[in-house]
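This is start_29.txt (compact mmCIF, C-alpha atoms).
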```txt
# COMPACT_ATOMS: atom_id res chain seq x y z
CA MET I 821 4.65 25.19 3.25
CA LYS I 822 6.89 22.41 4.51
CA ALA I 823 7.37 19.44 2.20
CA LEU I 824 9.48 16.27 2.26
CA ILE I 825 11.33 16.15 -1.05
CA PHE I 826 13.58 13.54 -2.62
CA ASP I 827 16.04 14.94 -5.17
CA GLU I 828 19.08 12.66 -4.98
CA THR I 829 18.88 13.24 -1.23
CA LEU I 830 15.94 13.36 1.17
CA ARG I 831 15.31 16.76 2.67
CA LEU I 832 12.65 18.90 4.30
CA ARG I 833 12.11 22.16 2.40
CA GLU I 834 9.91 25.23 2.37
CA VAL I 835 8.08 25.42 -0.96
CA PRO I 836 5.08 27.40 -2.24
CA ILE I 837 1.58 26.04 -1.59
CA PRO I 838 0.56 24.39 -4.88
CA GLU I 839 -1.98 26.13 -7.09
CA ARG I 840 -5.26 24.37 -7.73
CA GLN I 841 -6.43 23.77 -11.30
CA PRO I 842 -10.02 23.12 -12.47
CA GLY I 843 -11.08 19.59 -11.52
CA THR I 844 -8.70 19.45 -8.57
CA SER I 845 -8.94 20.18 -4.85
CA LEU I 846 -6.50 21.83 -2.48
CA VAL I 847 -6.15 19.49 0.47
CA ARG I 848 -4.59 20.26 3.85
CA VAL I 849 -2.74 17.08 4.81
CA ASN I 850 -3.34 15.96 8.38
CA LEU I 851 -1.43 12.67 8.51
CA ALA I 852 0.86 10.87 6.06
CA GLY I 853 2.10 7.29 6.19
CA ILE I 854 5.49 6.02 5.07
CA CYS I 855 5.39 2.81 3.04
CA ASN I 856 8.05 0.59 1.51
CA THR I 857 7.55 2.20 -1.90
CA ASP I 858 8.59 5.56 -0.42
CA ILE I 859 11.70 3.96 1.02
CA GLU I 860 12.52 2.26 -2.30
CA ILE I 861 12.17 5.60 -4.11
CA THR I 862 14.97 6.97 -1.92
CA LYS I 863 17.09 4.08 -3.26
CA GLY I 864 16.35 4.94 -6.90
CA TYR I 865 13.05 3.16 -7.61
CA MET I 866 11.07 4.82 -10.45
CA ASN I 867 13.69 7.62 -10.69
CA PHE I 868 11.18 9.90 -8.96
CA ARG I 869 12.15 13.41 -7.93
CA GLY I 870 9.85 15.65 -5.96
CA ILE I 871 7.48 15.58 -2.98
CA LEU I 872 7.12 12.02 -1.69
CA GLY I 873 4.07 10.24 -0.33
CA HIS I 874 0.71 8.81 -1.34
CA GLU I 875 -0.74 7.41 1.90
CA PHE I 876 -2.50 10.22 3.71
CA LEU I 877 -5.58 11.63 5.41
CA GLY I 878 -6.41 15.24 4.60
CA THR I 879 -9.15 17.87 4.64
CA VAL I 880 -10.34 19.65 1.50
CA VAL I 881 -10.00 23.42 1.83
CA GLU I 882 -10.72 24.53 -1.75
CA SER I 883 -12.56 22.77 -4.57
CA ASP I 884 -14.94 23.43 -7.47
CA THR I 885 -16.79 20.35 -6.20
CA SER I 886 -18.58 22.09 -3.36
CA PHE I 887 -19.61 19.01 -1.36
CA LEU I 888 -15.92 18.09 -0.92
CA VAL I 889 -15.02 21.31 0.92
CA GLY I 890 -14.45 20.57 4.59
CA LYS I 891 -14.53 16.81 4.07
CA ARG I 892 -11.78 14.44 5.20
CA VAL I 893 -10.43 12.53 2.22
CA ALA I 894 -7.98 9.91 1.01
CA SER I 895 -6.93 9.61 -2.62
CA GLU I 896 -6.42 6.94 -5.22
CA ILE I 897 -2.90 7.28 -6.54
CA SER I 898 -3.16 6.68 -10.31
CA ILE I 899 -4.00 9.62 -12.59
CA PRO I 900 -4.83 8.30 -16.09
CA CYS I 901 -4.78 10.36 -19.28
CA LYS I 902 -8.28 9.17 -20.35
CA LYS I 903 -7.12 9.32 -23.98
CA CYS I 904 -5.01 6.22 -24.72
CA ASP I 905 -6.21 2.83 -25.98
CA LEU I 906 -5.91 1.24 -22.52
CA CYS I 907 -8.02 3.99 -20.97
CA ASP I 908 -10.58 3.42 -23.75
CA MET I 909 -10.70 -0.20 -22.55
CA GLY I 910 -11.39 0.98 -18.99
CA LEU I 911 -7.92 -0.03 -17.77
CA PHE I 912 -7.33 3.36 -16.19
CA LYS I 913 -4.73 2.30 -13.65
CA HIS I 914 -2.75 0.78 -16.53
CA CYS I 915 -2.90 3.94 -18.65
CA ARG I 916 0.03 4.30 -21.04
CA ASN I 917 0.58 7.86 -19.81
CA THR I 918 -0.35 7.42 -16.18
CA ARG I 919 0.96 9.67 -13.46
CA THR I 920 1.15 8.34 -9.92
CA ILE I 921 0.93 10.53 -6.82
CA GLY I 922 4.32 10.73 -5.12
CA ILE I 923 5.74 8.01 -7.39
CA ALA I 924 5.71 9.11 -11.03
CA ASP I 925 5.33 12.61 -12.48
CA TYR I 926 3.00 13.96 -9.79
CA ALA I 927 3.76 15.65 -6.47
CA GLY I 928 3.04 13.57 -3.37
CA THR I 929 1.32 14.17 -0.06
CA MET I 930 4.16 14.41 2.47
CA ALA I 931 3.58 18.13 2.67
CA GLU I 932 1.31 20.51 4.49
CA TYR I 933 -0.84 20.88 1.36
CA ALA I 934 -1.43 18.88 -1.82
CA VAL I 935 -3.46 19.41 -4.97
CA LEU I 936 -5.30 16.27 -6.06
CA PRO I 937 -7.85 15.36 -8.75
CA ASP I 938 -11.42 15.51 -7.47
CA GLU I 939 -12.26 12.18 -9.09
CA ASN I 940 -9.49 10.48 -7.11
CA LEU I 941 -10.81 11.60 -3.72
CA HIS I 942 -12.85 9.43 -1.37
CA THR I 943 -14.61 10.98 1.63
CA ILE I 944 -14.08 9.36 5.01
CA PRO I 945 -17.08 8.58 7.29
CA GLU I 946 -17.16 10.40 10.62
CA LYS I 947 -16.85 7.22 12.69
CA VAL I 948 -13.47 6.38 11.08
CA SER I 949 -10.71 8.08 13.07
CA ASP I 950 -7.83 9.95 11.41
CA ARG I 951 -5.39 7.28 12.57
CA LYS I 952 -7.45 4.60 10.85
CA ALA I 953 -8.17 6.67 7.76
CA VAL I 954 -4.49 7.21 6.96
CA PHE I 955 -4.43 3.47 6.13
CA VAL I 956 -7.13 3.63 3.42
CA GLU I 957 -4.76 3.49 0.44
CA PRO I 958 -2.56 0.57 1.66
CA LEU I 959 -5.62 -1.25 3.02
CA ALA I 960 -7.24 -0.94 -0.42
CA ALA I 961 -4.12 -2.51 -1.94
CA ALA I 962 -4.38 -5.31 0.61
CA ALA I 963 -8.07 -5.81 -0.14
CA HIS I 964 -7.28 -6.28 -3.83
CA VAL I 965 -6.21 -9.85 -3.08
CA LEU I 966 -9.93 -10.60 -2.70
CA GLU I 967 -10.45 -9.44 -6.29
CA SER I 968 -7.37 -11.27 -7.57
CA VAL I 969 -8.50 -14.72 -6.39
CA ASP I 970 -11.85 -16.32 -5.60
CA PHE I 971 -11.01 -17.96 -2.29
CA SER I 972 -12.93 -21.13 -1.45
CA SER I 973 -13.47 -22.59 2.00
CA THR I 974 -11.28 -25.56 1.11
CA ASP I 975 -8.29 -23.58 -0.17
CA ARG I 976 -5.02 -23.92 1.70
CA VAL I 977 -3.78 -20.34 1.77
CA CYS I 978 -0.30 -19.03 2.57
CA LEU I 979 0.70 -15.38 3.02
CA ILE I 980 4.43 -14.70 2.86
CA GLY I 981 5.56 -11.51 4.56
CA ASP I 982 4.74 -9.98 7.96
CA GLY I 983 5.74 -6.41 7.15
CA LYS I 984 3.40 -3.44 6.71
CA LEU I 985 1.50 -4.74 3.69
CA GLY I 986 1.59 -8.38 4.76
CA MET I 987 -0.03 -7.57 8.09
CA LEU I 988 -2.79 -5.61 6.37
CA ILE I 989 -3.41 -8.49 3.97
CA SER I 990 -3.63 -10.89 6.92
CA MET I 991 -6.23 -8.61 8.52
CA VAL I 992 -8.23 -8.51 5.28
CA LEU I 993 -8.12 -12.29 4.87
CA SER I 994 -9.24 -12.82 8.46
CA ALA I 995 -12.04 -10.25 8.12
CA SER I 996 -13.18 -12.17 5.04
CA GLY I 997 -13.17 -15.55 6.84
CA VAL I 998 -10.07 -16.92 5.07
CA ASP I 999 -7.86 -19.17 7.21
CA HIS I 1000 -4.21 -18.79 6.27
CA VAL I 1001 -0.62 -19.53 7.23
CA LEU I 1002 1.41 -16.35 7.77
CA VAL I 1003 5.09 -16.85 6.99
CA GLY I 1004 7.31 -14.24 8.58
CA LYS I 1005 10.26 -13.27 10.74
CA HIS I 1006 8.40 -11.72 13.67
CA SER I 1007 6.10 -14.06 15.59
CA GLU I 1008 5.50 -11.30 18.16
CA ARG I 1009 3.55 -9.36 15.53
CA MET I 1010 0.71 -11.85 15.74
CA LYS I 1011 -0.60 -9.95 18.76
CA LEU I 1012 -1.08 -6.91 16.52
CA LEU I 1013 -3.70 -8.66 14.39
CA CYS I 1014 -7.41 -8.08 14.94
CA ASP I 1015 -9.58 -10.13 17.29
CA ASN I 1016 -10.99 -12.03 14.29
CA ASN I 1017 -7.49 -13.30 13.43
CA ARG I 1018 -7.53 -16.50 11.35
CA ALA I 1019 -3.77 -16.73 10.76
CA SER I 1020 -1.30 -19.27 12.09
CA PHE I 1021 2.33 -18.17 12.19
CA VAL I 1022 5.18 -20.10 10.57
CA SER I 1023 8.77 -18.86 10.58
CA VAL I 1024 10.69 -18.40 7.35
CA ASN I 1025 12.90 -21.38 8.19
CA GLU I 1026 9.93 -23.62 9.00
CA ALA I 1027 8.28 -22.69 5.70
CA ASP I 1028 10.92 -24.70 3.84
CA SER I 1029 9.15 -27.87 5.01
CA TYR I 1030 6.04 -26.97 2.98
CA ASP I 1031 6.71 -28.57 -0.39
CA ARG I 1032 4.13 -27.67 -3.08
CA ASP I 1033 1.46 -27.58 -0.39
CA PHE I 1034 -0.73 -24.49 -0.84
CA ASP I 1035 -3.54 -23.76 -3.29
CA VAL I 1036 -3.05 -19.99 -3.04
CA VAL I 1037 0.08 -18.11 -1.99
CA VAL I 1038 0.15 -14.33 -1.51
CA GLU I 1039 3.66 -12.87 -1.74
CA ALA I 1040 4.04 -9.57 0.14
CA THR I 1041 7.64 -9.42 1.35
CA GLY I 1042 8.92 -6.71 -0.98
CA ASN I 1043 12.00 -8.89 -1.31
CA PRO I 1044 12.90 -11.26 -4.19
CA TYR I 1045 13.34 -14.15 -1.74
CA GLY I 1046 9.60 -14.00 -1.14
CA LEU I 1047 8.78 -14.92 -4.73
CA ALA I 1048 11.31 -17.76 -4.65
CA SER I 1049 9.65 -19.03 -1.46
CA ALA I 1050 6.20 -18.74 -3.00
CA LEU I 1051 7.28 -20.86 -5.96
CA LYS I 1052 8.49 -23.56 -3.56
CA VAL I 1053 5.31 -23.83 -1.50
CA VAL I 1054 2.57 -23.42 -4.12
CA ARG I 1055 1.10 -26.63 -5.52
CA PRO I 1056 1.09 -27.48 -9.23
CA GLN I 1057 -1.64 -25.46 -10.98
CA GLY I 1058 -1.90 -23.34 -7.83
CA LYS I 1059 -2.01 -19.54 -7.72
CA ILE I 1060 0.51 -16.96 -6.59
CA VAL I 1061 -0.75 -13.44 -5.98
CA LEU I 1062 2.24 -11.12 -6.31
CA LYS I 1063 1.89 -7.97 -4.20
CA SER I 1064 5.58 -7.09 -4.05
CA THR I 1065 7.38 -4.64 -6.29
CA TYR I 1066 11.17 -4.90 -6.51
CA GLU I 1067 14.00 -2.57 -7.39
CA GLY I 1068 15.94 -4.48 -10.06
CA THR I 1069 15.18 -7.92 -11.48
CA PRO I 1070 14.77 -10.83 -9.04
CA GLU I 1071 16.56 -14.10 -9.80
CA VAL I 1072 13.96 -16.86 -9.42
CA ASP I 1073 13.20 -20.23 -10.98
CA ILE I 1074 10.67 -18.90 -13.47
CA THR I 1075 10.80 -22.21 -15.41
CA SER I 1076 8.81 -23.81 -12.60
CA VAL I 1077 5.90 -21.50 -13.43
CA ALA I 1078 5.61 -23.18 -16.84
CA VAL I 1079 6.50 -26.73 -15.77
CA ARG I 1080 4.09 -26.78 -12.80
CA GLU I 1081 1.46 -24.67 -14.60
CA ILE I 1082 1.37 -22.07 -11.84
CA HIS I 1083 -0.94 -19.09 -12.16
CA LEU I 1084 1.13 -15.96 -11.38
CA ILE I 1085 -1.23 -13.04 -10.72
CA GLY I 1086 -0.08 -9.46 -10.34
CA SER I 1087 -2.02 -7.37 -7.82
CA ARG I 1088 -1.60 -3.65 -7.34
CA CYS I 1089 -3.96 -0.89 -6.19
CA GLY I 1090 -7.33 -1.88 -4.84
CA PRO I 1091 -10.89 -0.84 -3.96
CA PHE I 1092 -11.10 2.20 -1.69
CA ASP I 1093 -14.79 1.58 -0.93
CA LYS I 1094 -13.96 -1.89 0.38
CA ALA I 1095 -11.11 -0.55 2.52
CA ILE I 1096 -13.30 2.20 3.99
CA SER I 1097 -16.03 -0.36 4.69
CA PHE I 1098 -13.56 -2.57 6.59
CA LEU I 1099 -12.56 0.42 8.73
CA GLU I 1100 -16.08 1.71 9.31
CA SER I 1101 -17.38 -1.73 10.33
CA GLY I 1102 -14.47 -2.31 12.72
CA LEU I 1103 -13.57 -5.59 11.03
CA VAL I 1104 -10.07 -4.22 10.45
CA ASP I 1105 -8.19 -1.97 12.87
CA PRO I 1106 -4.75 -1.21 11.40
CA THR I 1107 -3.78 1.30 14.09
CA THR I 1108 -2.08 -1.54 16.00
CA LEU I 1109 0.63 -1.37 13.31
CA ILE I 1110 1.60 2.23 14.12
CA ALA I 1111 5.04 2.16 15.71
CA LYS I 1112 5.42 5.92 16.19
CA THR I 1113 4.10 9.28 15.01
CA PHE I 1114 6.52 12.08 14.13
CA SER I 1115 5.95 15.75 13.35
CA ILE I 1116 6.75 17.10 9.87
CA ASP I 1117 9.81 18.77 11.40
CA GLU I 1118 11.02 15.27 12.38
CA SER I 1119 10.35 13.74 8.97
CA LEU I 1120 13.96 12.75 8.24
CA GLU I 1121 14.08 10.93 11.55
CA ALA I 1122 10.72 9.39 10.67
CA PHE I 1123 12.15 7.93 7.45
CA GLU I 1124 15.03 6.36 9.32
CA ALA I 1125 12.60 4.82 11.78
CA ALA I 1126 10.45 3.49 8.90
CA ARG I 1127 13.36 1.43 7.60
CA ARG I 1128 13.29 -0.74 10.74
CA SER I 1129 9.70 -0.42 12.03
CA LEU I 1130 6.17 -1.19 11.01
CA LYS I 1131 4.03 1.84 10.21
CA ILE I 1132 5.47 5.28 10.80
CA ILE I 1133 3.11 8.25 10.58
CA ILE I 1134 4.02 11.90 9.95
CA ARG I 1135 1.77 14.53 11.49
CA MET I 1136 1.60 17.76 9.48
CA ASP I 1137 0.16 20.14 12.07
```

Rendering of file as structure tokens:
Amino acid sequence: MKALIFDETLRLREVPIPERQPGTSLVRVNLAGICNTDIEITKGYMNFRGILGHEFLGTVVESDTSFLVGKRVASEISIPCKKCDLCDMGLFKHCRNTRTIGIADYAGTMAEYAVLPDENLHTIPEKVSDRKAVFVEPLAAAAHVLESVDFSSTDRVCLIGDGKLGMLISMVLSASGVDHVLVGKHSERMKLLCDNNRASFVSVNEADSYDRDFDVVVEATGNPYGLASALKVVRPQGKIVLKSTYEGTPEVDITSVAVREIHLIGSRCGPFDKAISFLESGLVDPTTLIAKTFSIDESLEAFEAARRSLKIIIRMD
């Protein structure tokens, strides 16, 4: 099978179809999405080597779990050991020995086939198209902001970042009735938001005029400047939801977190059922973010396009 592999360099290779073990399913990948984490891995993030990818829509072709066979699926990315103290506490995605699909110690889904744990798989309703379903994993991460903070109708909310994840978070906030200021570099992207859009756009330069103004700030730039900006605009005792991961250590005024008693909340993977519900109901339509779809044979070109575009999709057939 064809697979996109990072091993010091990014290359498309022919490799054997992976063998399924008990408790796992063999999945034929239909579509795969490129996210910023994939791009950061090619720069050295997590020191990962192997098949990239964790955003995908596939069809189960073999499984011991019979009802999964023939079903379209997406997969949660964390694979816990179920044996450590943190797993005993139910903190499975924070397992001490976790493996992460396409990120840490587990082969990813930018290939014609992937083997994935049955318990990680979520079936996709018929009314959700393939192009929508490929967004389930990143949309779940976006939806986790709703679990990170209890938004009230009086909260002044700011979302920093109008890239792939930031746009999905804006869609989730709007679908949940949360008015928010979207700070970004691309005002033209506002037209890509859903009809229920409740965001108002502010440029990065204009955002400097907001001094300790917001009750809740969501940082989703993937760039250290985003956290520095969030610290400037959040009010004392306000909340920052940190969605970004960074290669290296950002230089920010962390003292202000203590002095202004800011709540800094990490937010990672999220609820797949909520993401699928958003798609099935039509409250969120992320397909507007797709810039281009490439074939697996064009996957190197696809990665180059992903560095300067919104969502790039790879088609495996």

Skipping near chain neighbours, those fewer than 2 positions away, what residues fall within 12 Å of segment 832-842 of chain I using only C-alpha atoms, listed as a count of residues only? 47

Taking (2.0, -18.3, -5.2) in the file's coordinates, which residues come within 7 Å, counting only C-alpha atoms, written as a list in words?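 Residues close enough to count: Val1036, Val1037, Val1038, Glu1039, Ala1050, Leu1051, Val1054, Gly1058, Lys1059, Ile1060, Val1061 and Leu1084 of chain I.
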
Long-range neighbours of Met1010 of chain I as a list in words, 10 Å cut-off, only C-alpha atoms, 3 positions minimum in chain: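 Answer for this query is Asp982, Met987, Ser990, Leu1002, His1006, Ser1007, Leu1013, Cys1014, Asn1017, Ala1019, Ser1020 and Phe1021 of chain I.
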
Separation of atom CA of Ala960 of chain I and atom CA of Ala1111 of chain I, in Å?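 Taking atom CA of Ala960 of chain I and atom CA of Ala1111 of chain I, their separation equals 20.5 Å.
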
Each residue of segment 982-1039 of chain I with at least one atom at most 12 Å from segment 1043-1049 of chain I should appear once, together with its nearest atom pair and the corresponding distance in Å (one decimal); atoms considered: all atoms listed in the file; ordering: chain, then increasing residue number; output as JSON lines.
```
{"residue": "I:Asp982", "atom": "CA", "partner": "I:Gly1046", "partner_atom": "CA", "distance": 11.1}
{"residue": "I:Gly983", "atom": "CA", "partner": "I:Asn1043", "partner_atom": "CA", "distance": 10.8}
{"residue": "I:Gly986", "atom": "CA", "partner": "I:Gly1046", "partner_atom": "CA", "distance": 11.4}
{"residue": "I:Val1003", "atom": "CA", "partner": "I:Gly1046", "partner_atom": "CA", "distance": 9.7}
{"residue": "I:Gly1004", "atom": "CA", "partner": "I:Gly1046", "partner_atom": "CA", "distance": 10.0}
{"residue": "I:Lys1005", "atom": "CA", "partner": "I:Gly1046", "partner_atom": "CA", "distance": 11.9}
{"residue": "I:Val1024", "atom": "CA", "partner": "I:Ser1049", "partner_atom": "CA", "distance": 8.9}
{"residue": "I:Asn1025", "atom": "CA", "partner": "I:Ser1049", "partner_atom": "CA", "distance": 10.5}
{"residue": "I:Glu1026", "atom": "CA", "partner": "I:Ser1049", "partner_atom": "CA", "distance": 11.4}
{"residue": "I:Ala1027", "atom": "CA", "partner": "I:Ser1049", "partner_atom": "CA", "distance": 8.2}
{"residue": "I:Asp1028", "atom": "CA", "partner": "I:Ser1049", "partner_atom": "CA", "distance": 7.9}
{"residue": "I:Ser1029", "atom": "CA", "partner": "I:Ser1049", "partner_atom": "CA", "distance": 11.0}
{"residue": "I:Tyr1030", "atom": "CA", "partner": "I:Ser1049", "partner_atom": "CA", "distance": 9.8}
{"residue": "I:Asp1031", "atom": "CA", "partner": "I:Ser1049", "partner_atom": "CA", "distance": 10.0}
{"residue": "I:Arg1032", "atom": "CA", "partner": "I:Ser1049", "partner_atom": "CA", "distance": 10.4}
{"residue": "I:Asp1033", "atom": "CA", "partner": "I:Ser1049", "partner_atom": "CA", "distance": 11.9}
{"residue": "I:Phe1034", "atom": "CA", "partner": "I:Ser1049", "partner_atom": "CA", "distance": 11.7}
{"residue": "I:Val1037", "atom": "CA", "partner": "I:Ser1049", "partner_atom": "CA", "distance": 9.6}
{"residue": "I:Val1038", "atom": "CA", "partner": "I:Leu1047", "partner_atom": "CA", "distance": 9.2}
{"residue": "I:Glu1039", "atom": "CA", "partner": "I:Gly1046", "partner_atom": "CA", "distance": 6.1}
```

What does the file look like for those residues with C-alpha atoms, as a CSV table (one decimal), in the coordinates of the input?
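Printed below is selection-v9.csv as written:
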```csv
chain,number,residue,atom,x,y,z
I,982,ASP,CA,4.7,-10.0,8.0
I,983,GLY,CA,5.7,-6.4,7.2
I,986,GLY,CA,1.6,-8.4,4.8
I,1003,VAL,CA,5.1,-16.8,7.0
I,1004,GLY,CA,7.3,-14.2,8.6
I,1005,LYS,CA,10.3,-13.3,10.7
I,1024,VAL,CA,10.7,-18.4,7.4
I,1025,ASN,CA,12.9,-21.4,8.2
I,1026,GLU,CA,9.9,-23.6,9.0
I,1027,ALA,CA,8.3,-22.7,5.7
I,1028,ASP,CA,10.9,-24.7,3.8
I,1029,SER,CA,9.2,-27.9,5.0
I,1030,TYR,CA,6.0,-27.0,3.0
I,1031,ASP,CA,6.7,-28.6,-0.4
I,1032,ARG,CA,4.1,-27.7,-3.1
I,1033,ASP,CA,1.5,-27.6,-0.4
I,1034,PHE,CA,-0.7,-24.5,-0.8
I,1037,VAL,CA,0.1,-18.1,-2.0
I,1038,VAL,CA,0.2,-14.3,-1.5
I,1039,GLU,CA,3.7,-12.9,-1.7
```

Work out how far apart atom CA of Glu896 of chain I and atom CA of Asn940 of chain I are and give it in Å to one decimal. 5.1 Å

I:Leu941, I:Ile923, I:Cys915, I:Ala995 ranked by distance to Phe887 of chain I, top pick (using only C-alpha atoms):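 For Phe887 of chain I, the nearest of the given residues is I:Leu941.
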
Between I:Asp908, I:Glu1124, I:Asp1105, I:Glu828, which residue has the minimum interatomic distance to Lys952 of chain I, considering only C-alpha atoms? I:Asp1105

Take atom CA of Lys1094 of chain I and atom CA of Leu959 of chain I and report the distance between them in Å, one decimal.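 Rounded to one decimal, the two atoms are 8.8 Å apart.
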
Compile the contact shell of Arg1127 of chain I as an MDAnalysis selection string: residues with an atom at most 10 Å away, counting all atoms listed in the file, same-chain residues fewer than 6 positions apart removed. chainID I and resid 854:856 859:860

Adding 4 Å on each side of the box along x, y and z that holds all listed atoms of segment 1022-1040 of chain I, could you give its centre and edge lengths in Å to one decimal, as lines of an AutoDock Vina configuration file?
```
center_x = 4.7
center_y = -19.1
center_z = 3.6
size_x = 24.4
size_y = 27.0
size_z = 21.9
```

Which neighbours of Asn1016 of chain I fall inside 9 Å, counting only C-alpha atoms, when residues of the same chain fewer than 3 positions from it are skipped, and could you give them as a list in words?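 Neighbouring residues, sequence-local ones excluded: Met991, Ser994, Ala995, Gly997, Leu1013, Leu1103 and Val1104 of chain I.
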
Find the residues near segment 962-978 of chain I: any atom within 7 Å, counting all atoms listed in the file, skip ones fewer than 5 places away on the same chain, and give them as a list in words. Leu985, Leu988, Ile989, Val992, Asp999, His1000, Val1001, Leu1002, Phe1034, Asp1035, Val1036, Val1037, Val1038, Ser1087, Cys1089, Gly1090, Pro1091 and Ala1095 of chain I

Please determine, counting only C-alpha atoms, which residue among I:Ser886, I:Arg919, I:Glu1008, I:His1083 has the shortest atom-to-atom distance to Cys901 of chain I.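 Looking at the shortest contact to Cys901 of chain I, the residue is I:Arg919.
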